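First up is the structure itself, then whatever we jot down about it.
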Amino acid sequence: MDHLLMARSQMAFSLAFHIIFAAISMVMPFLMYAAYRRYLKHRDPIDLQLTKAWMKGSAIIFATGAVSGTALSFQLGLLWPGFMEHAGPIFGMPFSLEGAAFFLEAIFMGLFMYGWGRIPERRHLFFGLMMGVCGLMSGLLVIAANGWMNAPTGFDWVNGQAENIHPWKAMFNRAWPLQALHMLGAAFQAVSIAALGVHCLGLLRGTGRAFHLRACSYLMPCLVVSSFYMPFTGDLSAKSVAKRQPEKLAAMEAHFETATRVPLIIGGIPNEETQEVKYAIKIPGGLSFLAFGNFNAEVKGLNAFPEGDRPPVLVPHIAFQLMVGIGMLLLTVSLVWLYSKWKKRNLFECKWWQRLLLCLAPLGFVALESGWIVTEVGRQPWVIYRIMRTADSVTAVPGLGWNFIVIFGLYGVLGFLSFGLLWKWFQIESAREEEV
């Protein structure tokens with residue numbers, strides 16, 4: 001396996017692992033805040049139990065995310081020195097601010113965790129909110145750096161060097177706003193359905209019924225709002241990609257020849273050699289309309305770009321279809337729940353509903369990972385879009401295979417310990433009907 005493939009595989013694995021813990025750390029503080037705020041208003045002990053239970057689970061996740069994120073930052077320098085040499089001075093600011101936001105999040109988490117009975121309740125509640133705000137800012141700043149890789153700005157590229165650097169312009173690049181909005185919505189959706197699955201497992205086991213039902217009362221509205229929100233940001237993101245990175249759109253949609261009234265492809269398996277997509281459903285003019293708001297608009301195909309500048313097709317196309325399909329499925333689930341509310345029926349009393357949500361629990365994170373695959377693989381062969389190729393920024397030294405093995409082992413141990421602790425936490429909280 002060559003150096004480029006090995007480095008990309010290691011980075012992909014590390015990001016796929018870390019993003020799960022990062023998303024949970026961004027979302028759970030807001031759910032904790034909602035439960036604690038309701039407790040302070042109504043003094044229901046179930047809300048207090050739920051707040052403390054989510055707090056303990058979030059602490060485990062946060063610790064794992066901190067370790068995996070630290071390892072990931074070292075990998076940027078070790079695996080991609082060419083990239084960091086040029087990119088560091090340009091987008092170093094959002095990374096520095098992200099570090100500050102992360103440390104503030106850790107401080108507020110400590111104050112929230114150890115402030116019970118020591119800090120006035122309203123101030124304690126505020127610390128819980130700030131933990132979520134800082135976590136959100138941390139995520140936004142990382143997305144700013146990634147957005148810059150997709151829409152590089154804030155510098156002049158002269159003879160292979162960056163000159164006239166403007167860090168603020170680089171940070172507020174064109175790709176950032178929509179990437180951030182879409183990613184944050186995906187995080188709330190993924191965490192909501194995953195947590196719903198966990199609490200539905202508790203309901204199916206018949207333990208801590210009041211505790212799990214109360215948790216679902218917070219999580220289901222969060223899933224509904226995020227599931228309705230995602231198609232809008234997804235549509236805006238696709239339109240933005242059509243203008244900024246037309247070859248990425250062509251790869252996502254397995255669109256090879258420039259044409260007008262281009263159909264939208266649903267499903268299918270693309271063949272890059274024959275430039276055909278088998279087993280697909282095609283909606284006439286659908287891609288033209290979604291990309292440019294006109295059924296007869298022209299959409300560039302992959303053949304409009306030099307062969308060496310084209311991204312692969314199979315992986316981003318399948319990942320994109322998977323992301324959209326899961327999004328539509330979760331939207332359908334949300335509509336079913338809203339209909340049941342209108343009919344004044346509590347679906348969480350139904351075993352089939354509990355089993356359904358348990359089965360759907362991992363799909364939000366599958367969609368989240370798929371979205372990142374589309375973003376990263378669809379940008380290839382560029383690490384900085386149309387500025388620096390991925391092959392020109394990788395470490396060309398032996399030993400990357402052993403490095404990958406070490407990282408794989410580290411993350412494997414972290415994952416095993418984290419989910420083992422979470423399972424123990426789940427059993428303890430399920431057995432406790434209410435906080436005394």
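FYI, nothing fancy with the structure tokens labels: chains A, B, ... in order, residues from 1 per chain, ligands from 1 as they appear.
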Surrounding residues of Gly206 in chain A excluding itself and chain neighbours under 2 positions, 12 Å, only C-alpha atoms, as a compact mmCIF listing (two decimals) with N, CA and C atoms, in the first residue's frame:
# COMPACT_ATOMS: atom_id res chain seq x y z
N HIS A 199 -32.63 4.69 25.12
CA HIS A 199 -33.71 4.75 26.12
C HIS A 199 -34.87 3.81 25.75
N CYS A 200 -35.07 3.56 24.46
CA CYS A 200 -36.08 2.57 24.07
C CYS A 200 -35.62 1.17 24.47
N LEU A 201 -34.32 0.92 24.45
CA LEU A 201 -33.80 -0.36 24.95
C LEU A 201 -34.15 -0.51 26.43
N GLY A 202 -34.02 0.58 27.19
CA GLY A 202 -34.41 0.55 28.60
C GLY A 202 -35.88 0.26 28.78
N LEU A 203 -36.73 0.84 27.93
CA LEU A 203 -38.17 0.56 28.00
C LEU A 203 -38.46 -0.89 27.67
N LEU A 204 -37.78 -1.44 26.69
CA LEU A 204 -38.00 -2.83 26.32
C LEU A 204 -37.53 -3.79 27.42
N GLY A 208 -36.66 1.17 34.94
CA GLY A 208 -36.59 2.63 34.92
C GLY A 208 -37.54 3.26 33.93
N ARG A 209 -38.78 2.81 33.92
CA ARG A 209 -39.73 3.24 32.90
C ARG A 209 -39.93 4.76 32.88
N ALA A 210 -40.18 5.35 34.06
CA ALA A 210 -40.41 6.79 34.13
C ALA A 210 -39.20 7.57 33.65
N PHE A 211 -38.02 7.10 34.01
CA PHE A 211 -36.77 7.73 33.60
C PHE A 211 -36.62 7.73 32.08
N HIS A 212 -36.85 6.60 31.45
CA HIS A 212 -36.67 6.49 30.00
C HIS A 212 -37.76 7.24 29.24
N LEU A 213 -38.98 7.21 29.74
CA LEU A 213 -40.05 7.96 29.07
C LEU A 213 -39.79 9.46 29.12
N GLU A 349 -45.55 4.02 24.24
CA GLU A 349 -46.17 2.91 24.98
C GLU A 349 -46.24 1.65 24.14
N LYS A 351 -44.66 -1.34 21.87
CA LYS A 351 -43.43 -2.11 21.74
C LYS A 351 -42.84 -1.99 20.33
N GLN A 354 -40.89 1.19 20.03
CA GLN A 354 -39.64 1.10 20.78
C GLN A 354 -38.61 0.28 20.01
N GLN A 427 -26.97 0.55 32.70
CA GLN A 427 -27.59 -0.43 33.58
C GLN A 427 -27.89 0.16 34.96
N SER A 430 -30.81 2.69 34.60
CA SER A 430 -32.08 2.02 34.30
C SER A 430 -32.66 1.37 35.55
N ALA A 431 -31.79 0.94 36.43
CA ALA A 431 -32.27 0.26 37.64
C ALA A 431 -32.76 1.23 38.70
N ARG A 432 -32.47 2.50 38.52
CA ARG A 432 -32.86 3.50 39.52
C ARG A 432 -34.10 4.21 39.01
N GLU A 433 -35.21 4.01 39.65
CA GLU A 433 -36.46 4.56 39.15
C GLU A 433 -36.49 6.08 39.26
Closest pair table for range 78-145 of chain A residues within 12 Å of range 63-67 of chain A, only C-alpha atoms, as JSON lines:
{"residue": "A:Gly99", "atom": "CA", "partner": "A:Ala66", "partner_atom": "CA", "distance": 10.8}
{"residue": "A:Phe102", "atom": "CA", "partner": "A:Ala66", "partner_atom": "CA", "distance": 8.8}
{"residue": "A:Phe103", "atom": "CA", "partner": "A:Ala66", "partner_atom": "CA", "distance": 10.0}
{"residue": "A:Glu105", "atom": "CA", "partner": "A:Ala66", "partner_atom": "CA", "distance": 11.0}
{"residue": "A:Ala106", "atom": "CA", "partner": "A:Ala63", "partner_atom": "CA", "distance": 9.4}
{"residue": "A:Met109", "atom": "CA", "partner": "A:Ala63", "partner_atom": "CA", "distance": 11.0}
{"residue": "A:Gly110", "atom": "CA", "partner": "A:Ala63", "partner_atom": "CA", "distance": 11.8}
{"residue": "A:Gly135", "atom": "CA", "partner": "A:Gly65", "partner_atom": "CA", "distance": 11.5}
{"residue": "A:Ser138", "atom": "CA", "partner": "A:Ala66", "partner_atom": "CA", "distance": 11.9}
Do you have, as a Markdown table, the list of residues of range 108-212 of chain A lying at most 10 Å from range 222-232 of chain A, each with its nearest atom pair and that distance in Å to one decimal, counting only C-alpha atoms and ordered by chain then number?
| residue | atom | partner | partner_atom | distance |
| --- | --- | --- | --- | --- |
| A:Leu181 | CA | A:Met230 | CA | 8.9 |
| A:His182 | CA | A:Met230 | CA | 6.6 |
| A:Met183 | CA | A:Met230 | CA | 9.1 |
| A:Leu184 | CA | A:Ser226 | CA | 9.2 |
| A:Gly185 | CA | A:Ser226 | CA | 5.6 |
| A:Ala186 | CA | A:Met230 | CA | 7.0 |
| A:Ala187 | CA | A:Ser226 | CA | 8.9 |
| A:Phe188 | CA | A:Ser226 | CA | 6.4 |
| A:Gln189 | CA | A:Leu223 | CA | 5.3 |
| A:Ala190 | CA | A:Leu223 | CA | 8.2 |
| A:Val191 | CA | A:Leu223 | CA | 8.5 |
| A:Ser192 | CA | A:Leu223 | CA | 5.4 |
| A:Ile193 | CA | A:Leu223 | CA | 6.4 |
| A:Ala194 | CA | A:Leu223 | CA | 9.9 |
| A:Leu196 | CA | A:Leu223 | CA | 9.0 |
Got time to write the residues from that selection, N, CA and C atoms, as an mmCIF file, in the first residue's frame?
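File produced: part.cif:
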data_model
loop_
_atom_site.group_PDB
_atom_site.id
_atom_site.type_symbol
_atom_site.label_atom_id
_atom_site.label_comp_id
_atom_site.auth_asym_id
_atom_site.auth_seq_id
_atom_site.Cartn_x
_atom_site.Cartn_y
_atom_site.Cartn_z
ATOM 1 N N LEU A 181 -23.992 24.924 9.312
ATOM 2 C CA LEU A 181 -25.416 24.731 9.573
ATOM 3 C C LEU A 181 -25.834 23.285 9.325
ATOM 4 N N HIS A 182 -25.330 22.715 8.251
ATOM 5 C CA HIS A 182 -25.712 21.341 7.914
ATOM 6 C C HIS A 182 -25.101 20.343 8.892
ATOM 7 N N MET A 183 -23.843 20.554 9.251
ATOM 8 C CA MET A 183 -23.164 19.644 10.172
ATOM 9 C C MET A 183 -23.799 19.679 11.558
ATOM 10 N N LEU A 184 -24.130 20.855 12.054
ATOM 11 C CA LEU A 184 -24.719 20.944 13.389
ATOM 12 C C LEU A 184 -26.099 20.296 13.418
ATOM 13 N N GLY A 185 -26.875 20.500 12.361
ATOM 14 C CA GLY A 185 -28.162 19.823 12.283
ATOM 15 C C GLY A 185 -28.001 18.315 12.262
ATOM 16 N N ALA A 186 -26.994 17.837 11.513
ATOM 17 C CA ALA A 186 -26.728 16.401 11.448
ATOM 18 C C ALA A 186 -26.323 15.857 12.810
ATOM 19 N N ALA A 187 -25.553 16.648 13.572
ATOM 20 C CA ALA A 187 -25.130 16.204 14.905
ATOM 21 C C ALA A 187 -26.340 16.053 15.825
ATOM 22 N N PHE A 188 -27.237 17.026 15.828
ATOM 23 C CA PHE A 188 -28.434 16.939 16.671
ATOM 24 C C PHE A 188 -29.313 15.766 16.251
ATOM 25 N N GLN A 189 -29.437 15.540 14.954
ATOM 26 C CA GLN A 189 -30.240 14.426 14.472
ATOM 27 C C GLN A 189 -29.633 13.090 14.864
ATOM 28 N N ALA A 190 -28.323 12.958 14.666
ATOM 29 C CA ALA A 190 -27.647 11.693 14.963
ATOM 30 C C ALA A 190 -27.683 11.366 16.448
ATOM 31 N N VAL A 191 -27.398 12.352 17.285
ATOM 32 C CA VAL A 191 -27.391 12.119 18.733
ATOM 33 C C VAL A 191 -28.801 11.836 19.241
ATOM 34 N N SER A 192 -29.783 12.527 18.704
ATOM 35 C CA SER A 192 -31.175 12.333 19.144
ATOM 36 C C SER A 192 -31.656 10.912 18.875
ATOM 37 N N ILE A 193 -31.462 10.423 17.648
ATOM 38 C CA ILE A 193 -31.961 9.086 17.329
ATOM 39 C C ILE A 193 -31.148 8.021 18.057
ATOM 40 N N ALA A 194 -29.839 8.263 18.251
ATOM 41 C CA ALA A 194 -29.019 7.289 18.978
ATOM 42 C C ALA A 194 -29.461 7.203 20.435
ATOM 43 N N LEU A 196 -32.381 8.064 21.636
ATOM 44 C CA LEU A 196 -33.720 7.470 21.664
ATOM 45 C C LEU A 196 -33.630 5.947 21.633
#
Exercise. Report as a ChimeraX atom specification: the residues of range 27-218 of chain A with a DSSP assignment of strand (DSSP E), based on the backbone of this structure.
Key: /A:156-158,161-163
Atoms to include: N, CA and C atoms. Write the selected residues as a PDB file, in the first residue's frame.
ATOM      1  N   ASP A 156      -2.985  35.016  -1.400  1.00  0.00           N
ATOM      2  CA  ASP A 156      -2.616  34.933  -2.821  1.00  0.00           C
ATOM      3  C   ASP A 156      -1.602  33.806  -2.984  1.00  0.00           C
ATOM      4  N   TRP A 157      -1.816  32.944  -3.952  1.00  0.00           N
ATOM      5  CA  TRP A 157      -0.922  31.810  -4.176  1.00  0.00           C
ATOM      6  C   TRP A 157       0.046  32.173  -5.297  1.00  0.00           C
ATOM      7  N   VAL A 158       1.293  32.416  -4.932  1.00  0.00           N
ATOM      8  CA  VAL A 158       2.296  32.883  -5.893  1.00  0.00           C
ATOM      9  C   VAL A 158       3.495  31.936  -5.869  1.00  0.00           C
ATOM     10  N   GLN A 161       3.630  29.428  -3.080  1.00  0.00           N
ATOM     11  CA  GLN A 161       3.677  29.959  -1.721  1.00  0.00           C
ATOM     12  C   GLN A 161       2.487  30.873  -1.483  1.00  0.00           C
ATOM     13  N   ALA A 162       2.008  30.899  -0.226  1.00  0.00           N
ATOM     14  CA  ALA A 162       0.898  31.777   0.148  1.00  0.00           C
ATOM     15  C   ALA A 162       1.445  33.136   0.559  1.00  0.00           C
ATOM     16  N   GLU A 163       0.918  34.180  -0.056  1.00  0.00           N
ATOM     17  CA  GLU A 163       1.315  35.546   0.270  1.00  0.00           C
ATOM     18  C   GLU A 163       0.075  36.379   0.570  1.00  0.00           C
TER      19      GLU A 163
END
When you look at Phe320 in chain A with a cut-off of 9 Å (counting only C-alpha atoms), what residues show up, excluding the ones that are within fewer than 6 positions of it in the same chain? I need them as an mmCIF file with C-alpha atoms, in the first residue's frame.
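Produced file result_5.cif, reproduced below:
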data_model
loop_
_atom_site.group_PDB
_atom_site.id
_atom_site.type_symbol
_atom_site.label_atom_id
_atom_site.label_comp_id
_atom_site.auth_asym_id
_atom_site.auth_seq_id
_atom_site.Cartn_x
_atom_site.Cartn_y
_atom_site.Cartn_z
ATOM 1 C CA MET A 252 -22.079 12.809 -5.920
ATOM 2 C CA GLU A 253 -24.710 12.396 -8.617
ATOM 3 C CA ALA A 367 -25.622 9.525 7.745
ATOM 4 C CA SER A 370 -21.543 9.529 4.954
ATOM 5 C CA GLY A 371 -21.794 13.307 4.742
ATOM 6 C CA ILE A 373 -17.158 11.065 3.154
ATOM 7 C CA VAL A 374 -18.921 13.101 0.465
#
Self-check item: Nearest to Leu129 in chain A by atom-to-atom distance, counting only C-alpha atoms, from A:Lys341, A:Arg389, A:Arg8, A:Arg37
Solution: A:Arg37
Quiz prompt | Among the residues A:Ser393, A:Ala145, A:Leu40, A:Ser25, the one that comes closest to Met84 in chain A [using only C-alpha atoms] | solution = A:Ser393
Exercise. Would you mind listing what lies within 12 Å of Ala304 in chain A as a list in words, with only C-alpha atoms counted and same-chain residues fewer than 5 positions away left out?
Key: Pro246, Glu247, Ala250, His255, Phe256, Glu257, Thr258, Ala259, Val299, Asp309 and Arg310 of chain A
Practice problem: Excluding Phe17 in chain A and any residue of its chain fewer than 2 positions from it, enumerate the residues within 12 Å of it, using only C-alpha atoms, and give them as a PyMOL selection string. | Solution: chain A and resi 10-15+19-23+61+64-69+71-72+365-366+368-369+372+407-408+410-415
Exercise. Would you list the contacts of Gly154 in chain A as a PyMOL selection string, taking every protein, DNA or RNA residue within 12 Å and counting only C-alpha atoms, but skipping same-chain residues closer than 2 positions in sequence?
Key: chain A and resi 87+89-91+148-149+151-152+156-157+162-174
Export N, CA and C atoms of the chosen residues as a PDB file, in the first residue's frame?
ATOM      1  N   ALA A  87      -0.814  25.664   5.008  1.00  0.00           N
ATOM      2  CA  ALA A  87      -2.129  25.985   5.540  1.00  0.00           C
ATOM      3  C   ALA A  87      -2.079  26.535   6.960  1.00  0.00           C
ATOM      4  N   PRO A  89      -0.254  28.817   8.651  1.00  0.00           N
ATOM      5  CA  PRO A  89      -0.310  30.269   8.850  1.00  0.00           C
ATOM      6  C   PRO A  89      -1.623  30.902   8.396  1.00  0.00           C
ATOM      7  N   ILE A  90      -2.362  30.194   7.532  1.00  0.00           N
ATOM      8  CA  ILE A  90      -3.597  30.777   6.996  1.00  0.00           C
ATOM      9  C   ILE A  90      -4.779  30.491   7.895  1.00  0.00           C
ATOM     10  N   PHE A  91      -4.969  29.213   8.263  1.00  0.00           N
ATOM     11  CA  PHE A  91      -6.125  28.924   9.121  1.00  0.00           C
ATOM     12  C   PHE A  91      -5.712  28.508  10.532  1.00  0.00           C
ATOM     13  N   TRP A 148     -12.565  26.078   4.637  1.00  0.00           N
ATOM     14  CA  TRP A 148     -11.495  26.759   3.902  1.00  0.00           C
ATOM     15  C   TRP A 148     -10.822  25.811   2.922  1.00  0.00           C
ATOM     16  N   MET A 149     -10.688  24.548   3.283  1.00  0.00           N
ATOM     17  CA  MET A 149     -10.087  23.575   2.374  1.00  0.00           C
ATOM     18  C   MET A 149     -10.946  23.391   1.124  1.00  0.00           C
ATOM     19  N   ALA A 151     -13.132  25.881   0.039  1.00  0.00           N
ATOM     20  CA  ALA A 151     -13.270  27.187  -0.604  1.00  0.00           C
ATOM     21  C   ALA A 151     -12.137  28.089  -0.122  1.00  0.00           C
ATOM     22  N   PRO A 152     -10.881  27.788  -0.527  1.00  0.00           N
ATOM     23  CA  PRO A 152      -9.733  28.536  -0.009  1.00  0.00           C
ATOM     24  C   PRO A 152      -9.780  30.008  -0.399  1.00  0.00           C
ATOM     25  N   ASP A 156      -2.985  35.016  -1.400  1.00  0.00           N
ATOM     26  CA  ASP A 156      -2.616  34.933  -2.821  1.00  0.00           C
ATOM     27  C   ASP A 156      -1.602  33.806  -2.984  1.00  0.00           C
ATOM     28  N   TRP A 157      -1.816  32.944  -3.952  1.00  0.00           N
ATOM     29  CA  TRP A 157      -0.922  31.810  -4.176  1.00  0.00           C
ATOM     30  C   TRP A 157       0.046  32.173  -5.297  1.00  0.00           C
ATOM     31  N   ALA A 162       2.008  30.899  -0.226  1.00  0.00           N
ATOM     32  CA  ALA A 162       0.898  31.777   0.148  1.00  0.00           C
ATOM     33  C   ALA A 162       1.445  33.136   0.559  1.00  0.00           C
ATOM     34  N   GLU A 163       0.918  34.180  -0.056  1.00  0.00           N
ATOM     35  CA  GLU A 163       1.315  35.546   0.270  1.00  0.00           C
ATOM     36  C   GLU A 163       0.075  36.379   0.570  1.00  0.00           C
ATOM     37  N   ASN A 164       0.296  37.555   1.177  1.00  0.00           N
ATOM     38  CA  ASN A 164      -0.799  38.480   1.518  1.00  0.00           C
ATOM     39  C   ASN A 164      -1.905  37.754   2.290  1.00  0.00           C
ATOM     40  N   ILE A 165      -1.517  37.109   3.362  1.00  0.00           N
ATOM     41  CA  ILE A 165      -2.450  36.284   4.135  1.00  0.00           C
ATOM     42  C   ILE A 165      -3.377  37.154   4.981  1.00  0.00           C
ATOM     43  N   HIS A 166      -4.677  36.823   4.925  1.00  0.00           N
ATOM     44  CA  HIS A 166      -5.698  37.499   5.738  1.00  0.00           C
ATOM     45  C   HIS A 166      -6.473  36.424   6.503  1.00  0.00           C
ATOM     46  N   PRO A 167      -6.065  36.127   7.747  1.00  0.00           N
ATOM     47  CA  PRO A 167      -6.693  35.018   8.497  1.00  0.00           C
ATOM     48  C   PRO A 167      -8.199  35.150   8.667  1.00  0.00           C
ATOM     49  N   TRP A 168      -8.693  36.389   8.851  1.00  0.00           N
ATOM     50  CA  TRP A 168     -10.139  36.542   9.042  1.00  0.00           C
ATOM     51  C   TRP A 168     -10.905  36.180   7.781  1.00  0.00           C
ATOM     52  N   LYS A 169     -10.373  36.569   6.622  1.00  0.00           N
ATOM     53  CA  LYS A 169     -11.027  36.198   5.364  1.00  0.00           C
ATOM     54  C   LYS A 169     -10.992  34.686   5.160  1.00  0.00           C
ATOM     55  N   ALA A 170      -9.878  34.071   5.533  1.00  0.00           N
ATOM     56  CA  ALA A 170      -9.776  32.620   5.414  1.00  0.00           C
ATOM     57  C   ALA A 170     -10.788  31.929   6.311  1.00  0.00           C
ATOM     58  N   MET A 171     -10.940  32.453   7.527  1.00  0.00           N
ATOM     59  CA  MET A 171     -11.864  31.840   8.482  1.00  0.00           C
ATOM     60  C   MET A 171     -13.313  31.966   8.008  1.00  0.00           C
ATOM     61  N   PHE A 172     -13.680  33.140   7.518  1.00  0.00           N
ATOM     62  CA  PHE A 172     -15.057  33.355   7.066  1.00  0.00           C
ATOM     63  C   PHE A 172     -15.159  33.099   5.561  1.00  0.00           C
ATOM     64  N   ASN A 173     -14.812  31.875   5.175  1.00  0.00           N
ATOM     65  CA  ASN A 173     -14.853  31.497   3.766  1.00  0.00           C
ATOM     66  C   ASN A 173     -16.282  31.183   3.329  1.00  0.00           C
ATOM     67  N   ARG A 174     -16.464  31.062   2.037  1.00  0.00           N
ATOM     68  CA  ARG A 174     -17.814  30.876   1.486  1.00  0.00           C
ATOM     69  C   ARG A 174     -18.445  29.539   1.857  1.00  0.00           C
TER      70      ARG A 174
END
Quiz item: Could you name the residues that touch Tyr33 in chain A at 10 Å or less, counting only C-alpha atoms, but leaving out those on the same chain fewer than 5 positions away, as an MDAnalysis selection string?
Solution: chainID A and resid 28 38:39 51 55 124:132
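Using only C-alpha atoms, the smallest distance between any of A:Ala16, A:Ala34, A:Leu347, A:Ile405 and Trp54 in chain A comes from A:Ala34.
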